[in-house]
Each structure stands twice: as structure tokens, then as C-alpha cells.
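Here's the structure, in C-alpha cells; my notes come after.
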Amino acid sequence: MRKVAGISRWLHLIYLGNLLWAPIFDPAADWVDWALVAVVVVAFVPMYVLAWRRPDRVRWWCLVPTVVLGALTTPFNAGAAVLFVYAGAFAGLAESRRVAMRWFVGLTALICVFGVVSVVEMPYRLWALLPSLIFLWVIGIVQVEWSERDREGSDLRIRTARIEHLATLAERERIARDLHDLLGHTLTAIIVRAQLVAADPARAQEEAAEIERTARAALGEIRDAVTGWRSASLETELEAARTALASLGVEVVVRRDPGLVIVGSTEHELALALREAVTNVARHARARTCHIGVEARDGELRLVIADDGIGGHAPEGNGLTGMRERIAALGGLVARTATAGTTVTIAVPLKVAT
């Protein structure tokens, strides 16, 4: 298509043949008239080529010089009025519709001035000006339509590229959050069990088997996270929380509203948030008891993870930051208090969650 468009642009130069009518059919024509034709062609063709190569410079490098060239040569060769048609095409290429229309009106007025002069001095030249007057508007408007279509296509490509870029960034952030949640929880469990092996060699075989199972499960989850197929569930994460914290001697108390039916997308985000919160309890809390609640209250679905550990006001890490981003995407909020132990409250509107 691009090659065909390039060939057609060269074919449009055939309209410069209008310059030949005067020296061919005028009995008084001499070498000066032919020289004028040559000068016009040599001066115009580079501007014509530049107009397609550098659309950003059409106005001052092509459009205005073409109008000046046409105004200087049309009194001596009426066929040079075809330059106003090319100028109209340049205006349609480079300007907005409103500005292009102003150019068309100005070029029309210029052609009419030459028409009035022709009626007074050489009436037969009027017929050479009339086609240029008509084609100025026909070709100019067509060029405006094509240019607007090209600009819209270019804008659409830019918007599409931006959307693809944002989608790529969002997917990278999703994978980063998922990997952080998966690896943080799994590596914590493996470390804890390895410490148990060191502390109690009699449990080595049992804990080694559990470490292998945990590692294999984590490998599968990481693969699923990268491909976007993993869908976590609250039941699975609650069971994993009981197992992980129980191995540390932490008693887990779960309170869940049995009437809640949570939609899959919300449950997935809540399950990952629960995993991150439990991982933090296992790593930092030194707690003896951890309460986990899932209930509806005041138009919100609330997931609360509260421990009786050391609490404190340590700065938030990547885990809590990722948790806030996940929940914010659902229109919810994450609150963290660390006075008597640490309590993480995750609230999502019920209309989103159920």
C-alpha cells in the first residue's frame, strides 16, 4: 500500500502539463514562455516532494512559496494557476479543517483576481483559470478528509501503544505482587520448618517431607502466577495460616460469617492479603494467638487479622504496599494498628465483594 501511494503521488505531477497549453497554442509564444515553464517545474517539484517527506514544514517551505510562485507566473501563463490547486492540497495536508478552508477562500479570491484581469486583457485565459478554481476545492477537500483520517489513525495508534504500555506495567506489577506474596509466605514456612529440624533432629524426616511438599507447591503457584492462571481462595489460605502458625506455636482462631458468598475476583485479592498478613505475623509478631475474622459490617466486607505479639510502628514494607494497591483496586481500604499487638483490617464494599 505504501509503494502504491508513493507512485500515485508522482503521478499527480502530471497536472503540471497545464503549463504547456500556453506555449503550444499561443502563436506569439517564444523561448521565453518555454523557459518560464521549465523554471516553474524546477522550482515546484522539490517543494512538492518536501511536502510529503516533511509534513511538519509544509506551510512555510511549500504552501506559501507555491502560492507566491503561482501569483508571479499566472499573469504570463494561465496554466500556472494549477499551482493554486497544489497549494490547496498542501493546505489540506498541513492544516486543520478550519484553517484549510481559510486558505481555500484566499486562493479562490486570488484566482478570481486573475480571472477579472483576464476578462479585461485576454478573455481566452479565463477558461484556463476555471478548472483550477474547481479542482482547488475538490482536491483540497479530499485532501483534508484524507489528512484527518491519517491523523485520527495516528492518534489511535498512539493511544493503543499507551494502553499496551500501561497494560504491560500493570501486568508487571501484578506479577511482582504475586511473586512477593507467594515467595514471602513459602520461604517463611520453609525457614520455620528448617529451624525445627535443627532444634529437634527426631522430626527431621517429617519436616523434610513437609519442606519438599511446600517447595513443590510454591513452584506450581509461581508458574501459575506468571501465566495469570492462579486463583487463590480464602479457605485454602485460612488452612495454610493454621498450619504455618501452628508450627510456630501460635494458636489461630477463625471467625467467619457462614452466609457470605464472595465473588471470585474479590476472594482472590483477599486471600493474597490474608497470606501477606499471616506471613508478617510469622516473621515479626512473636505472637501466641492470632484472630482472623471474615464478616459483613456497615456495608463492608471486613477481613481482620489481629495478633497479640510485640506490635510496634515499623515502616511498611513492599508486602503491605502491595496489599493496599490490591484492595484499593477493589475500592477498599487497609488499616493497620500496632498498639497491643498488630491488627490489620481490610474493608471492601459489599456491592463489590458479594
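Quick note on naming: the chains in the C-alpha cells go A, B, ... in the order shown, residues restart at 1 in each chain, and ligands are numbered from 1 in order of appearance.
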Problem set entry | Residues near Phe104 (chain A), cut-off 10 Å, only C-alpha atoms, skip fewer than 5 positions along chain, as number ranges by chain | A: 84-85, 87-89, 91-92, 99, 109-110, 133, 136-137, 140-141
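You will find CA of Ala271 (chain A) at 25.4 Å from CA of Leu166 (chain A).
CA of Val42 (chain A) to CA of Val113 (chain A) spans 25.9 Å [interatomic distance, one decimal].
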Exercise. Smallest atom-to-atom distance to Val41 (chain A): which of A:Pro23, A:Gly153, A:Gly17, A:Gly249, using only C-alpha atoms?
Worked result: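 So, comparing all the options, the nearest one is A:Gly17.
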Problem set entry | Spatial neighbours of Ala277 (chain A), max dist 12 Å, only C-alpha atoms, sep filter under 4 positions, as a ChimeraX atom specification | /A:181,184-185,237-238,241,245,270-273,281-285,290-292,303-307,316-324,334-336,342-346
